[in-house]
$ cat input.txt   # compact mmCIF, C-alpha atoms
# COMPACT_ATOMS: atom_id res chain seq x y z
CA MET L 1 -101.55 167.85 -267.71
CA ASP L 2 -100.98 171.01 -265.69
CA SER L 3 -97.47 171.06 -264.22
CA LYS L 4 -98.64 172.94 -261.09
CA ILE L 5 -101.10 171.59 -258.52
CA ILE L 6 -102.70 174.10 -256.12
CA LEU L 7 -104.41 173.34 -252.81
CA LYS L 8 -106.26 176.05 -250.91
CA ALA L 9 -106.51 176.52 -247.14
CA GLU L 10 -110.28 176.17 -246.98
CA SER L 11 -109.91 172.65 -248.33
CA LEU L 12 -107.79 171.79 -245.30
CA ASP L 13 -110.17 173.27 -242.75
CA GLY L 14 -112.92 171.07 -244.16
CA TYR L 15 -111.17 168.04 -242.66
CA LEU L 16 -111.30 169.39 -239.10
CA THR L 17 -114.04 168.13 -236.80
CA GLU L 18 -116.34 170.38 -234.81
CA GLN L 19 -114.44 169.39 -231.66
CA ASP L 20 -111.13 170.23 -233.36
CA GLN L 21 -112.42 173.72 -234.10
CA LYS L 22 -113.52 174.20 -230.48
CA TYR L 23 -110.11 173.15 -229.20
CA LEU L 24 -108.35 175.49 -231.65
CA ALA L 25 -110.57 178.42 -230.62
CA GLU L 26 -109.79 177.72 -226.96
CA MET L 27 -106.08 177.64 -227.74
CA ASP L 28 -106.29 180.98 -229.57
CA ILE L 29 -107.81 182.59 -226.48
CA LEU L 30 -105.09 181.19 -224.24
CA TYR L 31 -102.33 182.41 -226.55
CA GLU L 32 -103.84 185.90 -226.66
CA ARG L 33 -103.27 185.99 -222.90
CA ALA L 34 -99.64 185.01 -223.41
CA MET L 35 -99.10 187.71 -226.03
CA ALA L 36 -100.47 190.37 -223.69
CA SER L 37 -97.69 189.42 -221.27
CA PHE L 38 -95.13 189.28 -224.10
CA LYS L 39 -95.80 192.97 -224.80
CA VAL L 40 -95.14 193.92 -221.19
CA ILE L 41 -91.95 191.83 -220.99
CA ALA L 42 -90.62 193.18 -224.30
CA GLY L 43 -91.22 196.74 -223.12
CA GLY L 44 -89.01 196.33 -220.06
CA GLY L 45 -89.62 198.09 -216.77
CA PHE L 46 -89.50 197.22 -213.09
CA SER L 47 -88.16 193.78 -212.25
CA SER L 48 -91.18 193.00 -210.07
CA THR L 49 -93.52 193.76 -212.98
CA LEU L 50 -91.51 191.60 -215.37
CA ALA L 51 -91.40 188.75 -212.87
CA ALA L 52 -95.18 188.90 -212.49
CA GLU L 53 -95.69 188.78 -216.27
CA GLU L 54 -93.24 185.91 -216.66
CA LYS L 55 -95.24 184.00 -214.03
CA LYS L 56 -98.39 184.62 -216.09
CA VAL L 57 -96.65 183.33 -219.23
CA ILE L 58 -95.48 180.18 -217.43
CA ASP L 59 -99.00 179.55 -216.13
CA VAL L 60 -100.67 180.00 -219.50
CA PHE L 61 -98.09 177.81 -221.28
CA ASN L 62 -98.71 175.09 -218.69
CA GLU L 63 -102.43 175.43 -219.36
CA MET L 64 -101.90 175.16 -223.11
CA GLY L 65 -99.63 172.16 -222.61
CA HIS L 66 -102.29 170.33 -220.60
CA LEU L 67 -104.88 171.10 -223.27
CA MET L 68 -102.60 169.77 -226.01
CA GLN L 69 -102.05 166.59 -223.99
CA THR L 70 -105.82 166.15 -223.77
CA ILE L 71 -106.19 166.64 -227.52
CA CYS L 72 -103.37 164.23 -228.41
CA ALA L 73 -104.83 161.60 -226.10
CA GLU L 74 -108.02 161.81 -228.17
CA VAL L 75 -106.08 161.77 -231.48
CA PRO L 76 -103.60 158.84 -231.26
CA ALA L 77 -102.09 159.63 -234.67
CA LEU L 78 -100.52 162.77 -233.14
CA LYS L 79 -97.35 161.66 -231.36
CA VAL L 80 -95.59 164.38 -229.35
CA PHE L 81 -92.24 163.35 -227.89
CA SER L 82 -92.82 164.62 -224.36
CA PHE L 83 -96.36 163.18 -224.28
CA CYS L 84 -95.25 159.69 -225.35
CA THR L 85 -91.87 159.10 -223.70
CA GLU L 86 -90.65 158.57 -220.17
CA GLU L 87 -90.44 161.70 -218.05
CA GLU L 88 -86.63 161.50 -217.91
CA SER L 89 -86.50 162.35 -221.64
CA HIS L 90 -88.65 165.47 -221.45
CA ALA L 91 -85.84 167.78 -220.32
CA GLU L 92 -83.76 166.67 -223.31
CA ALA L 93 -86.56 167.66 -225.70
CA SER L 94 -87.02 171.00 -223.94
CA ARG L 95 -83.33 171.84 -224.14
CA VAL L 96 -83.07 170.93 -227.83
CA ILE L 97 -86.11 173.00 -228.73
CA ALA L 98 -84.90 175.91 -226.59
CA LYS L 99 -81.59 175.94 -228.48
CA LEU L 100 -83.32 175.76 -231.86
CA ARG L 101 -85.67 178.61 -230.94
CA ASP L 102 -82.95 180.85 -229.53
CA ILE L 103 -82.21 183.86 -231.74
CA ARG L 104 -78.52 183.50 -230.75
CA THR L 105 -78.20 179.96 -232.17
CA ASP L 106 -76.02 180.19 -235.29
CA HIS L 107 -76.07 178.00 -238.40
CA GLN L 108 -73.68 175.29 -237.18
CA GLU L 109 -75.47 174.95 -233.85
CA PHE L 110 -78.81 174.87 -235.62
CA VAL L 111 -77.65 171.95 -237.79
CA TYR L 112 -76.26 170.14 -234.74
CA TYR L 113 -79.47 170.45 -232.72
CA SER L 114 -81.56 169.51 -235.77
CA GLN L 115 -79.57 166.29 -236.01
CA ARG L 116 -80.22 165.61 -232.33
CA ALA L 117 -83.92 166.32 -232.81
CA TYR L 118 -84.31 163.83 -235.64
CA GLU L 119 -82.35 161.15 -233.81
CA MET L 120 -84.85 161.55 -230.95
CA LEU L 121 -87.80 161.42 -233.34
CA PHE L 122 -86.44 158.25 -234.94
CA ARG L 123 -86.20 156.67 -231.51
CA LEU L 124 -89.79 157.71 -230.76
CA ALA L 125 -91.16 156.14 -233.94
CA TYR L 126 -89.08 153.01 -234.35
CA THR L 127 -87.17 151.80 -231.31
CA GLY L 128 -89.51 152.27 -228.36
CA ASN L 129 -91.00 148.76 -228.48
CA HIS L 130 -89.01 146.47 -226.17
CA SER L 131 -90.76 143.41 -227.60
CA ASP L 132 -88.71 143.72 -230.80
CA ASN L 133 -86.17 140.99 -231.38
CA LYS L 134 -82.51 141.96 -231.29
CA ASN L 135 -79.84 142.27 -233.96
CA TYR L 136 -76.13 142.06 -233.19
CA LEU L 137 -73.46 144.27 -234.71
CA VAL L 138 -69.94 142.83 -234.71
CA VAL L 139 -67.59 145.78 -235.14
CA LYS L 140 -63.92 145.68 -236.09
CA THR L 141 -62.03 148.13 -233.84
CA PRO L 142 -58.72 149.98 -234.45
CA VAL L 143 -57.03 147.91 -231.71
CA THR L 144 -54.73 145.26 -233.26
CA ALA L 145 -52.39 144.32 -230.39
CA PRO L 146 -51.93 141.58 -229.36
CA VAL L 147 -54.57 140.53 -231.94
CA GLN L 148 -57.27 142.28 -233.99
CA ASN L 149 -60.10 143.24 -231.59
CA TYR L 150 -63.85 143.20 -232.22
CA SER L 151 -66.83 144.37 -230.19
CA VAL L 152 -70.43 143.19 -230.12
CA HIS L 153 -73.39 145.58 -229.88
CA LYS L 154 -77.07 144.69 -229.55
CA ILE L 155 -79.70 146.80 -231.34
CA PRO L 156 -83.44 146.32 -231.96
CA ASP L 157 -84.34 144.20 -234.99
CA ILE L 158 -86.57 146.71 -236.79
CA ASP L 159 -85.81 145.73 -240.37
CA TYR L 160 -89.50 144.96 -240.90
CA LYS L 161 -90.36 148.56 -239.90
CA ILE L 162 -87.78 150.40 -241.99
CA GLU L 163 -86.85 148.41 -245.10
CA ASN L 164 -89.99 149.24 -247.09
CA THR L 165 -89.56 152.99 -246.72
CA VAL L 166 -89.13 155.78 -249.25
CA MET L 167 -87.89 159.19 -248.11
CA CYS L 168 -90.14 161.88 -249.57
CA VAL L 169 -88.48 165.29 -249.56
CA MET L 170 -90.47 168.48 -249.76
CA LEU L 171 -87.49 170.48 -250.95
CA ARG L 172 -85.24 173.06 -249.30
CA GLY L 173 -85.70 172.97 -245.55
CA ALA L 174 -86.71 169.31 -245.65
CA LEU L 175 -83.59 168.08 -247.44
CA LEU L 176 -81.15 167.81 -244.53
CA PRO L 177 -83.74 166.41 -242.06
CA SER L 178 -84.64 163.77 -244.65
CA MET L 179 -80.99 162.83 -245.00
CA ILE L 180 -80.69 162.53 -241.21
CA MET L 181 -83.71 160.20 -241.03
CA SER L 182 -82.38 158.10 -243.91
CA LYS L 183 -79.01 157.83 -242.17
CA GLU L 184 -80.71 156.59 -238.98
CA ILE L 185 -82.55 153.95 -241.01
CA GLU L 186 -79.31 152.86 -242.63
CA GLU L 187 -77.58 152.56 -239.25
CA TYR L 188 -80.38 150.47 -237.72
CA SER L 189 -80.85 148.22 -240.75
CA SER L 190 -79.03 144.90 -240.49
CA HIS L 191 -78.57 145.10 -244.27
CA GLY L 192 -77.39 148.71 -244.48
CA TYR L 193 -80.62 149.70 -246.23
CA VAL L 194 -80.43 153.15 -247.80
CA THR L 195 -83.85 154.63 -248.50
CA PRO L 196 -84.82 155.60 -252.02
CA PHE L 197 -85.69 159.29 -252.35
CA ALA L 198 -88.61 161.10 -253.99
CA LEU L 199 -88.13 164.85 -254.38
CA PHE L 200 -91.10 167.22 -254.55
CA LYS L 201 -90.84 170.93 -255.24
CA ILE L 202 -93.65 172.55 -253.30
CA LYS L 203 -94.08 175.94 -251.70
CA ARG L 204 -96.80 177.96 -250.16
CA ASN L 205 -97.88 181.31 -251.53
CA ASP L 206 -96.53 183.74 -248.91
CA SER L 207 -98.53 186.59 -250.40
CA LYS L 208 -101.59 184.89 -248.92
CA HIS L 209 -102.83 184.82 -245.34
CA GLU L 210 -103.67 181.85 -243.12
CA ASN L 211 -107.35 181.87 -244.06
CA ASP L 212 -106.73 181.91 -247.83
CA MET L 213 -103.32 180.22 -248.07
CA GLU L 214 -102.38 178.30 -251.23
CA TYR L 215 -99.87 175.46 -251.64
CA ILE L 216 -98.29 174.96 -255.06
CA LEU L 217 -96.78 171.64 -256.16
CA ASP L 218 -94.42 172.16 -259.12
CA LEU L 219 -94.36 168.83 -260.95
CA GLN L 220 -91.97 169.99 -263.66
CA ASN L 221 -89.20 170.52 -261.10
CA SER L 222 -89.95 167.48 -258.95
CA PHE L 223 -88.11 164.15 -259.21
CA PHE L 224 -90.00 160.93 -258.46
CA LYS L 225 -91.58 157.87 -260.08
CA LEU L 226 -95.10 156.89 -259.09
CA GLU L 227 -94.39 153.16 -259.34
CA ASP L 228 -91.58 153.48 -256.80
CA LEU L 229 -94.01 154.88 -254.21
CA ASP L 230 -96.87 152.40 -254.51
CA GLY L 231 -97.23 150.07 -251.52
CA LYS L 232 -94.37 151.77 -249.66
CA ASP L 233 -94.05 153.33 -246.23
CA LEU L 234 -93.67 156.99 -247.12
CA ILE L 235 -91.62 159.15 -244.75
CA PHE L 236 -91.74 162.94 -244.82
CA ALA L 237 -89.34 164.91 -242.60
CA ASP L 238 -89.90 168.66 -242.45
CA PRO L 239 -88.60 170.80 -239.55
CA MET L 240 -91.86 172.74 -239.32
CA ASN L 241 -95.46 171.69 -239.82
CA ALA L 242 -97.38 174.93 -239.75
CA THR L 243 -100.57 174.37 -241.75
CA GLY L 244 -100.12 170.81 -243.02
CA GLY L 245 -100.85 172.07 -246.52
CA SER L 246 -97.62 170.98 -248.22
CA LEU L 247 -97.89 167.38 -247.06
CA VAL L 248 -101.60 167.08 -247.82
CA THR L 249 -101.06 168.55 -251.30
CA VAL L 250 -98.30 166.06 -252.15
CA VAL L 251 -100.07 163.01 -250.75
CA LYS L 252 -103.46 163.85 -252.26
CA TYR L 253 -101.78 164.23 -255.65
CA LEU L 254 -100.12 160.81 -255.29
CA LEU L 255 -103.40 159.19 -254.26
CA GLU L 256 -105.14 160.71 -257.29
CA GLN L 257 -102.44 159.14 -259.50
CA GLY L 258 -103.24 155.69 -258.10
CA VAL L 259 -100.43 155.42 -255.53
CA LYS L 260 -101.52 153.45 -252.46
CA PRO L 261 -98.99 153.93 -249.65
CA ARG L 262 -98.76 151.24 -246.99
CA SER L 263 -98.32 154.01 -244.41
CA ILE L 264 -97.36 157.67 -244.10
CA LYS L 265 -95.17 159.12 -241.36
CA PHE L 266 -94.54 162.85 -240.95
CA PHE L 267 -91.60 163.91 -238.74
CA ASN L 268 -91.38 167.50 -237.46
CA VAL L 269 -89.18 169.30 -234.99
CA ILE L 270 -92.14 171.59 -234.27
CA ALA L 271 -95.75 171.14 -235.39
CA ALA L 272 -98.54 173.62 -234.90
CA LEU L 273 -101.59 172.02 -233.31
CA LYS L 274 -103.76 173.06 -236.24
CA GLY L 275 -101.35 171.66 -238.83
CA GLY L 276 -101.03 168.37 -236.99
CA LEU L 277 -104.81 167.96 -236.73
CA ARG L 278 -105.33 168.84 -240.39
CA VAL L 279 -102.79 166.23 -241.53
CA VAL L 280 -104.14 163.29 -239.55
CA ARG L 281 -107.74 164.20 -240.36
CA ALA L 282 -107.03 164.58 -244.09
CA LEU L 283 -104.87 161.47 -244.65
CA GLU L 284 -105.65 157.86 -243.80
CA ASN L 285 -103.01 155.73 -242.07
CA CYS L 286 -100.86 158.80 -241.39
CA THR L 287 -99.01 159.45 -238.13
CA VAL L 288 -97.40 162.75 -237.15
CA TYR L 289 -94.31 162.54 -234.93
CA THR L 290 -93.17 165.84 -233.50
CA LEU L 291 -90.57 166.77 -230.93
CA TRP L 292 -92.65 169.75 -229.81
CA MET L 293 -96.15 171.06 -230.43
CA ASP L 294 -96.80 174.80 -230.62
CA PRO L 295 -100.28 176.17 -229.93
CA VAL L 296 -101.27 178.55 -232.73
CA LEU L 297 -100.65 180.10 -236.15
CA ASN L 298 -100.63 183.82 -236.81
CA ALA L 299 -102.50 185.53 -239.65
CA SER L 300 -99.63 184.79 -242.07
CA ALA L 301 -99.72 181.07 -241.17
CA TYR L 302 -96.46 181.15 -239.21
CA ILE L 303 -96.11 179.02 -236.09
CA MET L 304 -96.08 180.87 -232.78
CA PRO L 305 -93.85 181.00 -230.85
CA GLY L 306 -92.04 179.01 -233.58
CA LEU L 307 -88.35 179.12 -234.41
CA GLY L 308 -88.11 181.36 -237.47
CA ASP L 309 -87.52 180.14 -241.01
CA ALA L 310 -86.00 176.71 -240.39
CA GLY L 311 -85.05 176.28 -244.05
CA ASP L 312 -82.98 179.46 -244.07
CA ARG L 313 -81.40 178.59 -240.72
CA LEU L 314 -80.40 175.15 -242.04
CA ASN L 315 -79.43 176.04 -245.59
CA GLY L 316 -78.76 179.76 -245.68
CA ARG L 317 -80.97 182.20 -247.55
CA ASP L 318 -81.44 182.14 -251.32
CA THR L 319 -81.92 185.27 -253.37
CA GLU L 320 -85.16 185.60 -255.29
CA ASP L 321 -83.31 185.92 -258.62
CA THR L 322 -80.84 183.03 -258.19
CA PRO L 323 -82.36 180.21 -256.12
CA ARG L 324 -80.10 177.16 -255.82
CA ASN L 325 -81.16 173.87 -257.33
CA ILE L 326 -80.90 170.74 -255.21
CA ILE L 327 -77.39 169.81 -256.42
CA GLN L 328 -76.10 173.31 -255.62
CA LEU L 329 -77.73 173.12 -252.20
CA ILE L 330 -75.98 169.83 -251.46
CA ALA L 331 -72.64 171.26 -252.59
CA ASP L 332 -73.09 174.18 -250.18
CA TYR L 333 -73.49 171.82 -247.23
CA GLY L 334 -69.73 171.32 -247.34
CA SER L 335 -67.47 168.34 -246.78
CA ASN L 336 -68.57 167.59 -243.20
CA ILE L 337 -72.20 167.02 -244.15
CA THR L 338 -71.54 165.42 -247.51
CA GLY L 339 -69.04 163.00 -245.94
CA LEU L 340 -71.43 162.02 -243.17
CA TYR L 341 -74.37 161.43 -245.51
CA ARG L 342 -72.51 160.14 -248.58
CA SER L 343 -74.85 157.14 -249.13
CA GLN L 344 -77.89 159.42 -248.99
CA LEU L 345 -76.33 161.91 -251.38
CA ARG L 346 -75.62 159.18 -253.92
CA LYS L 347 -79.27 158.14 -253.80
CA ILE L 348 -80.43 161.72 -254.23
CA GLU L 349 -78.10 162.27 -257.18
CA GLN L 350 -79.36 159.05 -258.80
CA THR L 351 -82.95 160.24 -258.32
CA VAL L 352 -82.31 163.65 -259.86
CA LEU L 353 -80.16 162.45 -262.75
CA GLY L 354 -82.40 159.44 -263.44
CA ASN L 355 -85.44 161.68 -263.83
CA MET L 356 -83.67 164.21 -266.05
CA ARG L 357 -83.04 161.79 -268.88

$ encode --input "input.txt" --output "structure tokens"
Amino acid sequence: MDSKIILKAESLDGYLTEQDQKYLAEMDILYERAMASFKVIAGGGFSSTLAAEEKKVIDVFNEMGHLMQTICAEVPALKVFSFCTEEESHAEASRVIAKLRDIRTDHQEFVYYSQRAYEMLFRLAYTGNHSDNKNYLVVKTPVTAPVQNYSVHKIPDIDYKIENTVMCVMLRGALLPSMIMSKEIEEYSSHGYVTPFALFKIKRNDSKHENDMEYILDLQNSFFKLEDLDGKDLIFADPMNATGGSLVTVVKYLLEQGVKPRSIKFFNVIAALKGGLRVVRALENCTVYTLWMDPVLNASAYIMPGLGDAGDRLNGRDTEDTPRNIIQLIADYGSNITGLYRSQLRKIEQTVLGNMR
């Protein structure tokens, strides 16, 4: 069997409906208007001119936001944080995304705000239903005088939602977000459930353009067992969903091998509208949860306005000649991260070592 599986972009576009294509074309036109103003703002000039162009940008972004709300209302499997939550939470999402986008945000800040983003996404997906029963945590505190003290904390009983899950990691940029999601599951589980991990090495061919993009799944350097995925709730956490190609490639391969997931959830800090639509159209029983939806892709299939290469901003940049393997990547996270996610790291090490025998 070939150790590399390739999916092409035209295969993805075949899943889009005629209405999807109309919406995407409308969004492209709106974003062209925004970029015309970007050029003026970037060029500098009189303050009155810049203020007028900024007003145009605000207006067109509001228009795009309303259109995306309309689309997501018609496609319930697309869950955008600010479209689904109470209005009081919207400013929090905007601030987190603004910090992640900002060119001045350094590595440590980027990790911090990524953690916040995935905590918010977990809340969106799992703890928003007030009809859930409650679990109680009895916590031993450091206070021992005059006697040992304890505290009681009530949390939603969501064991039935989270204790059938497997964390599926599309490597590099997805590693730390997947660990964050797994940690949230562990903290909310009344049994301290730590998700199993499945590790897939997949990349897109960056020599291609958006209309002929390829996605390459490298089976030889992936670590998973098909039987451990069958009947499970599969969770994918990737900071960026640009085209949807990586997820569709992995899941379609698993389906072809006879794996029947109970559900699929895809968690993104930012998803492009096109990528989100492709994913939910291509995959049954799949829900996309995203903190923020961006309107378009450029010719190289990068999200605009986007936030740069999230993998590099989380993990640091690899050289072409000496890319780090997953164990080296974990080691480079340092003691703060490895201490915080020690249960997750043990599971990942077991997965890698168990599949190397």

$ atom_distance --input "input.txt" --atom1 "CA of Val352 in chain L" --atom2 "CA of Phe197 in chain L"
9.3 Å

$ residues_near_point --input "input.txt" --point "(-106.5, 163.0, -245.8)" --cutoff "9 Å" --atoms "all atoms listed in the file" --output "ChimeraX atom specification"
/L:12,15,248,251-252,278-286

$ atom_distance --input "input.txt" --atom1 "CA of Ile326 in chain L" --atom2 "CA of Thr105 in chain L"
25.0 Å

$ atom_distance --input "input.txt" --atom1 "CA of Ile158 in chain L" --atom2 "CA of Lys265 in chain L"
15.8 Å

$ closest_residue --input "input.txt" --among "L:Ser300, L:Gln115, L:Arg342, L:Phe110" --to "Asn211 in chain L" --atoms "all atoms listed in the file"
L:Ser300

$ residues_around --input "input.txt" --residues "Leu234 in chain L" --least-positions-apart "5" --cutoff "7 Å" --atoms "all atoms listed in the file" --output "MDAnalysis selection string"
chainID L and resid 165:168 261 263:265

$ residues_around --input "input.txt" --residues "Phe61 in chain L" --least-positions-apart "2" --cutoff "10 Å" --atoms "only C-alpha atoms" --output "mmCIF file with C-alpha atoms, in the frame of the given file"
data_model
loop_
_atom_site.group_PDB
_atom_site.id
_atom_site.type_symbol
_atom_site.label_atom_id
_atom_site.label_comp_id
_atom_site.auth_asym_id
_atom_site.auth_seq_id
_atom_site.Cartn_x
_atom_site.Cartn_y
_atom_site.Cartn_z
ATOM 1 C CA LEU L 30 -105.090 181.190 -224.240
ATOM 2 C CA TYR L 31 -102.330 182.410 -226.550
ATOM 3 C CA ARG L 33 -103.270 185.990 -222.900
ATOM 4 C CA ALA L 34 -99.640 185.010 -223.410
ATOM 5 C CA LYS L 55 -95.240 184.000 -214.030
ATOM 6 C CA LYS L 56 -98.390 184.620 -216.090
ATOM 7 C CA VAL L 57 -96.650 183.330 -219.230
ATOM 8 C CA ILE L 58 -95.480 180.180 -217.430
ATOM 9 C CA ASP L 59 -99.000 179.550 -216.130
ATOM 10 C CA GLU L 63 -102.430 175.430 -219.360
ATOM 11 C CA MET L 64 -101.900 175.160 -223.110
ATOM 12 C CA GLY L 65 -99.630 172.160 -222.610
ATOM 13 C CA HIS L 66 -102.290 170.330 -220.600
ATOM 14 C CA LEU L 67 -104.880 171.100 -223.270
ATOM 15 C CA ASP L 294 -96.800 174.800 -230.620
ATOM 16 C CA PRO L 295 -100.280 176.170 -229.930
#

$ residues_around --input "input.txt" --residues "Tyr113 in chain L" --least-positions-apart "3" --cutoff "8 Å" --atoms "only C-alpha atoms" --output "list in words"
Val96, Lys99, Leu100, Glu109, Phe110, Arg116 and Ala117 of chain L

$ closest_residue --input "input.txt" --among "L:Ser246, L:Thr17, L:Gln220, L:Asn315" --to "His107 in chain L" --atoms "all atoms listed in the file"
L:Asn315

$ closest_residue --input "input.txt" --among "L:Lys4, L:Ala272, L:Asn164, L:Tyr289" --to "Asp230 in chain L" --atoms "only C-alpha atoms"
L:Asn164

$ closest_residue --input "input.txt" --among "L:Val111, L:Val60, L:Ala301, L:Val75" --to "Asp206 in chain L" --atoms "all atoms listed in the file"
L:Ala301

$ axis_aligned_box --input "input.txt" --around "range 293-312 of chain L" --padding-each-side "6 Å" --output "AutoDock Vina command-line options"
--center_x -92.7 --center_y 178.3 --center_z -237.0 --size_x 31.5 --size_y 26.5 --size_z 26.1

$ closest_residue --input "input.txt" --among "L:Ile303, L:Leu254, L:Val147, L:Leu24" --to "Met68 in chain L" --atoms "only C-alpha atoms"
L:Leu24

$ closest_residue --input "input.txt" --among "L:Leu171, L:Ala331, L:Leu219, L:Ile155" --to "Ser190 in chain L" --atoms "only C-alpha atoms"
L:Ile155

$ residues_around --input "input.txt" --residues "Lys201 in chain L" --least-positions-apart "2" --cutoff "7 Å" --atoms "only C-alpha atoms" --output "ChimeraX atom specification"
/L:170-171,199,203,217-218,221-222

$ closest_atom_pairs --input "input.txt" --of "range 217-297 of chain L" --to "range 84-89 of chain L" --cutoff "12 Å" --atoms "only C-alpha atoms" --output "tab-separated table"
residue	atom	partner	partner_atom	distance
L:Tyr289	CA	L:Cys84	CA	10.0
L:Thr290	CA	L:Cys84	CA	10.4
L:Leu291	CA	L:Cys84	CA	10.2
L:Trp292	CA	L:Cys84	CA	11.3

$ residues_around --input "input.txt" --residues "range 316-325 of chain L" --least-positions-apart "4" --cutoff "10 Å" --atoms "all atoms listed in the file" --output "ChimeraX atom specification"
/L:107,171-173,221,309-312,329-330,332-333
